[in-house]
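Peer 1: Below are the structure tokens for one structure; questions will follow.
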Amino acid sequence: VRRLHHSYEQAGHGVNIFEVRADAPPLRDATPDQQRSLDDAALIARIKKRDEAALLDLYDRYQRLLMALALRIVGDRETAEEVLQDVFVRVWEGSAMFDERRGTVSSWLFGITRNRGIDVLRSAQHRARNREREELPEQRGDDADVAEFATTRVLVREALHHLPAERRRPVELVYFGGLTHQEAAEVLGTPLGTTKGRIRAAMDQLRTILAPPKGEQ
Amino acid sequence: MTNNALTSLSCDDVRELLAVQALEGHLATTDDRVEQHCLTCEDCRQVRQDYGEVTGLLAFGLPDAPPSPAVRDRVRLRLAVTREKQRSRWLWPASIAAACALSLALGVLIGALTWAGGDTAPADDEAVSHRYVLEAAAAAPQDAWGEVLVNREAGVATLLAYDLPALPAGSVYQFWFVQPDGSRLPADVLAPDGAGSARHVINLPGNWSDMRGMCITREPAPGSDEPQGPYVLVAWW
């Protein structure tokens, strides 16, 4: 746990990572999420038919977001770029496993990226590389280049920004740090039951904003 | 696990577990009490789906980070390598057949057996009427996954599983249908190869569309009427 947490802190997870930037792109520039989902599903359908151009289109659309997630988890650009490559090879080889009834393309891609990133984070090789590293690069990008996701990004950042710190920390440790909730409890020094309760409270708070009942959207 | 234990979790208990599992990346769970509860509680099934949506959005909260332009080229290169490997997989049985030069029929047979691991022909994509994803339960490695390809017209399903962990001696992978009342209907035993991949074709029960899903467990021995071991892969429909 300490080793993982060390990597996590090295990667800059020890602060509020969900800052809402004042220069976030305006909502009016965003492509509607529904249209994006339809476009994504169409790309996956083409990938299933072994259309390489569709995979590269999907790469172009998600490269920055997935790189951000990989970088947040593994903490260095070189490894994050390896993770990003792995993700798209897995998408190519495993496109048949995508089932749109079970979630969006973006959540599927984030899931693959997170799993791969955590695998790497837990590998001895990466831990050794992390120990040798003197400093980590700043993770700052130009959000205006992904205006396509602007609505979702602003919504998610607002939702996360409003989580109280005691709820946000276990979410960060588990989701981005790759810790189990038991490990997160140990790192935070809070009882397991308290940690689970805070995770559940955070998820419920996020759910009311990000996944409201269909009638309330 | 007793029936009393199965019914002892409240919605509150279940949702706490679901929140943690969703955040850790396990939408399917080995906790049979949670699965059992969700079978009969529509609200908790909805909460599970919502938690899945929430975790699917968390990464949107990060400031984006552009990879170097070379990564796109490396992805293309790796696709080319992957394609070549796949082509080799097809050509290899044919070359064996040619080398053996026994007969065309024998060569085809060798090729088919090498590709399909001794099973029937692969599912024709056009004939697949339903496709379900088998997700790793918490006891399985995160890379483990599978799919169920249903050919409704033929009344068969092709079950594919990948990256299954090696079994302890004597244990087997058993797959089950989840019946409408939540009980498990034994289907068959799955035999993965050395790489943890398995492919198996089964005849569907007449009422398969009434089933709630399918799961794979690791059983200490074959022949049980109900699961005795932990859940490895789970699909809901």
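In the structure tokens, the first chain shown is A, the next is B, and so on; residue numbers restart at 1 for each chain, and ligands run from 1 in the order shown.
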Give the residues of chain B that lie within 7 Å of chain A; count only C-alpha atoms, and format the answer as a list in words.

Peer 2: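 Putting it all together, I get Glu16, Ala19, Val20, Leu23, Glu24, Asp50, Tyr51, Glu53, Val54, Gly56, Leu57, Leu58, Ala59, Phe60, Gly61, Leu62, Pro63, Asp64, Ala65, Pro66, Pro67, Val71, Val75, Leu79, Val133, Gln142 and Glu147 of chain B.
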
Peer 1: Would you export the selected residues with N, CA, C and O atoms as a compact mmCIF listing (two decimals), in the first residue's frame, please?

Peer 2:
```
# COMPACT_ATOMS: atom_id res chain seq x y z
N GLU B 16 -23.82 0.24 -0.59
CA GLU B 16 -22.47 0.56 -0.13
C GLU B 16 -21.45 -0.32 -0.85
O GLU B 16 -20.41 0.15 -1.32
N ALA B 19 -21.21 0.72 -4.55
CA ALA B 19 -20.43 1.96 -4.76
C ALA B 19 -18.94 1.65 -4.77
O ALA B 19 -18.20 2.12 -5.64
N VAL B 20 -18.52 0.84 -3.80
CA VAL B 20 -17.10 0.50 -3.71
C VAL B 20 -16.67 -0.32 -4.93
O VAL B 20 -15.62 -0.06 -5.54
N LEU B 23 -16.37 1.78 -8.10
CA LEU B 23 -15.18 2.63 -8.09
C LEU B 23 -13.92 1.81 -8.30
O LEU B 23 -12.96 2.26 -8.93
N GLU B 24 -13.91 0.61 -7.77
CA GLU B 24 -12.72 -0.26 -7.94
C GLU B 24 -12.69 -0.90 -9.32
O GLU B 24 -11.72 -1.55 -9.68
N ASP B 50 -26.31 3.22 -12.42
CA ASP B 50 -25.95 4.63 -12.26
C ASP B 50 -24.52 4.79 -11.76
O ASP B 50 -23.78 5.66 -12.23
N TYR B 51 -24.13 3.95 -10.80
CA TYR B 51 -22.75 4.02 -10.30
C TYR B 51 -21.77 3.72 -11.44
O TYR B 51 -20.69 4.32 -11.53
N GLU B 53 -22.28 4.43 -14.55
CA GLU B 53 -22.23 5.64 -15.38
C GLU B 53 -21.32 6.69 -14.74
O GLU B 53 -20.55 7.37 -15.42
N VAL B 54 -21.46 6.83 -13.43
CA VAL B 54 -20.65 7.85 -12.72
C VAL B 54 -19.17 7.55 -12.87
O VAL B 54 -18.38 8.45 -13.23
N GLY B 56 -17.77 5.91 -15.11
CA GLY B 56 -17.40 6.07 -16.52
C GLY B 56 -17.17 7.52 -16.91
O GLY B 56 -16.66 7.81 -17.99
N LEU B 57 -17.57 8.45 -16.03
CA LEU B 57 -17.42 9.87 -16.35
C LEU B 57 -16.29 10.54 -15.58
O LEU B 57 -15.88 11.66 -15.93
N LEU B 58 -15.77 9.87 -14.55
CA LEU B 58 -14.82 10.55 -13.66
C LEU B 58 -13.62 11.13 -14.40
O LEU B 58 -13.14 12.22 -14.07
N ALA B 59 -13.13 10.38 -15.40
CA ALA B 59 -11.91 10.84 -16.08
C ALA B 59 -12.14 12.12 -16.87
O ALA B 59 -11.17 12.81 -17.23
N PHE B 60 -13.40 12.46 -17.16
CA PHE B 60 -13.67 13.73 -17.83
C PHE B 60 -13.28 14.91 -16.94
O PHE B 60 -13.18 16.03 -17.41
N GLY B 61 -13.12 14.65 -15.65
CA GLY B 61 -12.76 15.73 -14.73
C GLY B 61 -11.30 16.12 -14.77
O GLY B 61 -10.91 17.11 -14.17
N LEU B 62 -10.50 15.34 -15.48
CA LEU B 62 -9.06 15.65 -15.54
C LEU B 62 -8.76 16.63 -16.67
O LEU B 62 -9.39 16.59 -17.72
N PRO B 63 -7.76 17.49 -16.45
CA PRO B 63 -7.30 18.31 -17.58
C PRO B 63 -6.67 17.41 -18.62
O PRO B 63 -5.92 16.50 -18.26
N ASP B 64 -7.00 17.62 -19.89
CA ASP B 64 -6.51 16.69 -20.90
C ASP B 64 -5.02 16.87 -21.13
O ASP B 64 -4.44 17.91 -20.83
N ALA B 65 -4.41 15.80 -21.64
CA ALA B 65 -2.96 15.81 -21.86
C ALA B 65 -2.68 15.20 -23.22
O ALA B 65 -2.93 14.02 -23.42
N PRO B 66 -2.19 15.99 -24.16
CA PRO B 66 -1.94 15.44 -25.50
C PRO B 66 -0.73 14.51 -25.49
O PRO B 66 0.32 14.87 -24.95
N PRO B 67 -0.85 13.32 -26.08
CA PRO B 67 0.33 12.47 -26.24
C PRO B 67 1.18 13.00 -27.38
O PRO B 67 0.72 13.83 -28.17
N VAL B 71 2.86 8.64 -31.05
CA VAL B 71 2.08 7.54 -30.48
C VAL B 71 1.08 7.01 -31.50
O VAL B 71 0.87 5.80 -31.62
N VAL B 75 0.70 3.19 -32.74
CA VAL B 75 -0.55 2.41 -32.71
C VAL B 75 -0.77 1.74 -34.06
O VAL B 75 -1.09 0.55 -34.15
N LEU B 79 -0.94 -2.24 -34.89
CA LEU B 79 -2.09 -2.85 -35.59
C LEU B 79 -1.59 -3.73 -36.73
O LEU B 79 -2.10 -4.82 -36.96
N VAL B 133 -21.56 -9.67 -22.96
CA VAL B 133 -20.18 -9.62 -22.46
C VAL B 133 -20.11 -10.24 -21.08
O VAL B 133 -20.93 -9.94 -20.21
N GLN B 142 -8.30 -8.69 -13.66
CA GLN B 142 -9.09 -7.68 -14.37
C GLN B 142 -9.08 -7.90 -15.88
O GLN B 142 -9.97 -7.43 -16.57
N GLU B 147 -17.32 -13.59 -23.84
CA GLU B 147 -18.57 -13.19 -24.48
C GLU B 147 -19.39 -14.42 -24.82
O GLU B 147 -18.85 -15.52 -24.97
```

Peer 1: Please, what distance in Å, to one decimal, runs between CA of Pro165 (chain B) and CA of Ala195 (chain B)?

Peer 2: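 These atoms are spaced 8.6 Å apart.
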
Peer 1: I want to know what sits within 9 Å of Met211 (chain B), based on only C-alpha atoms, with residues of the same chain fewer than 5 positions away left out; could you give that as a PyMOL selection string?

Peer 2: chain B and resi 177-182+236-237

Peer 1: When you look at Ala161 (chain B) with a cut-off of 10 Å (counting only C-alpha atoms), what residues show up, excluding the ones that are within fewer than 5 positions of it in the same chain? I need them as a list in words.

Peer 2: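 With the cut-off at 10 Å, the set is Val133, Leu134, Glu135, Ala144, Trp145, Gly146, Glu147, Val148, Leu190, Ala191, Pro192, Gly196, Ser197, Ala198, Arg199, His200, Ile216 and Leu233 of chain B.
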
Peer 1: Selection from above, all heavy atoms, as a tab-separated table (two decimals), in the first residue's frame, can you write it?

Peer 2:
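Just written: selection-v6.tsv:
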```
chain	number	residue	atom	x	y	z
B	133	VAL	N	-21.56	-9.67	-22.96
B	133	VAL	CA	-20.18	-9.62	-22.46
B	133	VAL	C	-20.11	-10.24	-21.08
B	133	VAL	O	-20.93	-9.94	-20.21
B	133	VAL	CB	-19.68	-8.16	-22.40
B	133	VAL	CG1	-18.30	-8.10	-21.74
B	133	VAL	CG2	-19.63	-7.56	-23.78
B	134	LEU	N	-19.16	-11.12	-20.89
B	134	LEU	CA	-18.89	-11.70	-19.57
B	134	LEU	C	-17.81	-10.86	-18.91
B	134	LEU	O	-16.70	-10.76	-19.42
B	134	LEU	CB	-18.40	-13.15	-19.73
B	134	LEU	CG	-19.46	-14.19	-20.09
B	134	LEU	CD1	-18.82	-15.37	-20.81
B	134	LEU	CD2	-20.19	-14.67	-18.85
B	135	GLU	N	-18.16	-10.25	-17.79
B	135	GLU	CA	-17.21	-9.37	-17.12
B	135	GLU	C	-16.53	-10.10	-15.97
B	135	GLU	O	-17.12	-10.98	-15.34
B	135	GLU	CB	-17.92	-8.13	-16.56
B	135	GLU	CG	-18.47	-7.26	-17.66
B	135	GLU	CD	-19.18	-6.03	-17.12
B	135	GLU	OE1	-19.43	-5.99	-15.91
B	135	GLU	OE2	-19.47	-5.13	-17.91
B	144	ALA	N	-9.40	-10.74	-17.38
B	144	ALA	CA	-10.26	-11.85	-17.78
B	144	ALA	C	-11.59	-11.31	-18.31
B	144	ALA	O	-12.15	-10.37	-17.77
B	144	ALA	CB	-10.50	-12.77	-16.60
B	145	TRP	N	-12.04	-11.87	-19.39
B	145	TRP	CA	-13.33	-11.47	-19.94
B	145	TRP	C	-13.81	-12.55	-20.87
B	145	TRP	O	-13.10	-13.52	-21.15
B	145	TRP	CB	-13.23	-10.13	-20.68
B	145	TRP	CG	-12.41	-10.14	-21.92
B	145	TRP	CD1	-11.06	-10.13	-22.02
B	145	TRP	CD2	-12.89	-10.18	-23.28
B	145	TRP	NE1	-10.66	-10.14	-23.33
B	145	TRP	CE2	-11.75	-10.17	-24.13
B	145	TRP	CE3	-14.17	-10.21	-23.85
B	145	TRP	CZ2	-11.86	-10.20	-25.52
B	145	TRP	CZ3	-14.26	-10.22	-25.24
B	145	TRP	CH2	-13.12	-10.22	-26.05
B	146	GLY	N	-15.00	-12.38	-21.36
B	146	GLY	CA	-15.53	-13.35	-22.29
B	146	GLY	C	-16.76	-12.81	-22.97
B	146	GLY	O	-17.17	-11.67	-22.74
B	147	GLU	N	-17.32	-13.59	-23.84
B	147	GLU	CA	-18.57	-13.19	-24.48
B	147	GLU	C	-19.39	-14.42	-24.82
B	147	GLU	O	-18.85	-15.52	-24.97
B	147	GLU	CB	-18.30	-12.32	-25.72
B	147	GLU	CG	-17.39	-12.95	-26.73
B	147	GLU	CD	-17.04	-11.97	-27.86
B	147	GLU	OE1	-17.84	-11.07	-28.13
B	147	GLU	OE2	-15.98	-12.14	-28.47
B	148	VAL	N	-20.67	-14.19	-24.90
B	148	VAL	CA	-21.61	-15.24	-25.27
B	148	VAL	C	-22.26	-14.80	-26.57
B	148	VAL	O	-22.91	-13.75	-26.62
B	148	VAL	CB	-22.69	-15.44	-24.18
B	148	VAL	CG1	-23.58	-16.61	-24.54
B	148	VAL	CG2	-22.05	-15.65	-22.82
B	190	LEU	N	-16.13	-25.85	-18.70
B	190	LEU	CA	-15.32	-25.12	-19.67
B	190	LEU	C	-13.86	-25.53	-19.49
B	190	LEU	O	-13.37	-25.58	-18.36
B	190	LEU	CB	-15.46	-23.62	-19.39
B	190	LEU	CG	-15.15	-22.64	-20.48
B	190	LEU	CD1	-16.07	-22.83	-21.67
B	190	LEU	CD2	-15.31	-21.22	-19.94
B	191	ALA	N	-13.19	-25.82	-20.58
B	191	ALA	CA	-11.79	-26.27	-20.48
B	191	ALA	C	-10.88	-25.27	-21.17
B	191	ALA	O	-10.73	-25.30	-22.39
B	191	ALA	CB	-11.64	-27.65	-21.12
B	192	PRO	N	-10.26	-24.35	-20.42
B	192	PRO	CA	-9.36	-23.39	-21.06
B	192	PRO	C	-8.05	-24.03	-21.50
B	192	PRO	O	-7.62	-25.04	-20.93
B	192	PRO	CB	-9.11	-22.35	-19.95
B	192	PRO	CG	-9.47	-23.01	-18.68
B	192	PRO	CD	-10.39	-24.15	-18.98
B	196	GLY	N	-5.24	-19.72	-21.08
B	196	GLY	CA	-6.42	-19.26	-20.36
B	196	GLY	C	-7.60	-18.93	-21.25
B	196	GLY	O	-8.56	-18.31	-20.82
B	197	SER	N	-7.54	-19.34	-22.53
B	197	SER	CA	-8.65	-19.09	-23.44
B	197	SER	C	-9.50	-20.35	-23.56
B	197	SER	O	-8.99	-21.47	-23.50
B	197	SER	CB	-8.13	-18.72	-24.83
B	197	SER	OG	-7.37	-17.54	-24.76
B	198	ALA	N	-10.78	-20.14	-23.74
B	198	ALA	CA	-11.68	-21.29	-23.89
B	198	ALA	C	-12.78	-20.93	-24.87
B	198	ALA	O	-13.18	-19.76	-24.99
B	198	ALA	CB	-12.30	-21.66	-22.55
B	199	ARG	N	-13.22	-21.94	-25.59
B	199	ARG	CA	-14.30	-21.74	-26.55
B	199	ARG	C	-15.18	-22.96	-26.47
B	199	ARG	O	-14.71	-24.09	-26.53
B	199	ARG	CB	-13.71	-21.58	-27.95
B	199	ARG	CG	-14.72	-21.31	-29.02
B	199	ARG	CD	-14.01	-21.15	-30.35
B	199	ARG	NE	-14.95	-20.81	-31.39
B	199	ARG	CZ	-15.75	-21.70	-31.97
B	199	ARG	NH1	-15.70	-22.96	-31.62
B	199	ARG	NH2	-16.59	-21.32	-32.91
B	200	HIS	N	-16.47	-22.72	-26.35
B	200	HIS	CA	-17.36	-23.86	-26.17
B	200	HIS	C	-18.73	-23.53	-26.78
B	200	HIS	O	-19.21	-22.41	-26.62
B	200	HIS	CB	-17.52	-24.14	-24.67
B	200	HIS	CG	-17.99	-25.52	-24.37
B	200	HIS	ND1	-17.13	-26.58	-24.20
B	200	HIS	CD2	-19.23	-26.02	-24.21
B	200	HIS	CE1	-17.82	-27.67	-23.96
B	200	HIS	NE2	-19.10	-27.36	-23.95
B	216	ILE	N	-19.78	-17.89	-14.86
B	216	ILE	CA	-18.79	-18.96	-14.79
B	216	ILE	C	-18.22	-18.96	-13.38
B	216	ILE	O	-17.87	-17.91	-12.83
B	216	ILE	CB	-17.66	-18.73	-15.81
B	216	ILE	CG1	-18.22	-18.80	-17.23
B	216	ILE	CG2	-16.54	-19.76	-15.64
B	216	ILE	CD1	-17.20	-18.49	-18.31
B	233	LEU	N	-16.59	-15.07	-14.06
B	233	LEU	CA	-17.14	-14.17	-15.09
B	233	LEU	C	-18.65	-14.14	-14.97
B	233	LEU	O	-19.27	-15.17	-14.66
B	233	LEU	CB	-16.74	-14.63	-16.50
B	233	LEU	CG	-15.26	-14.66	-16.86
B	233	LEU	CD1	-15.07	-15.25	-18.26
B	233	LEU	CD2	-14.65	-13.28	-16.80
```

Peer 1: Which of region 39-92 of chain B counts as helix (DSSP H, G or I) under DSSP, as a PyMOL selection string please?

Peer 2: chain B and resi 39-40+42-61+70-92

Peer 1: What gap, in Å, lies between CA of Cys44 (chain B) and CA of Cys215 (chain B)?

Peer 2: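 Atom-to-atom, CA of Cys44 (chain B) and CA of Cys215 (chain B) are spaced 19.6 Å apart.
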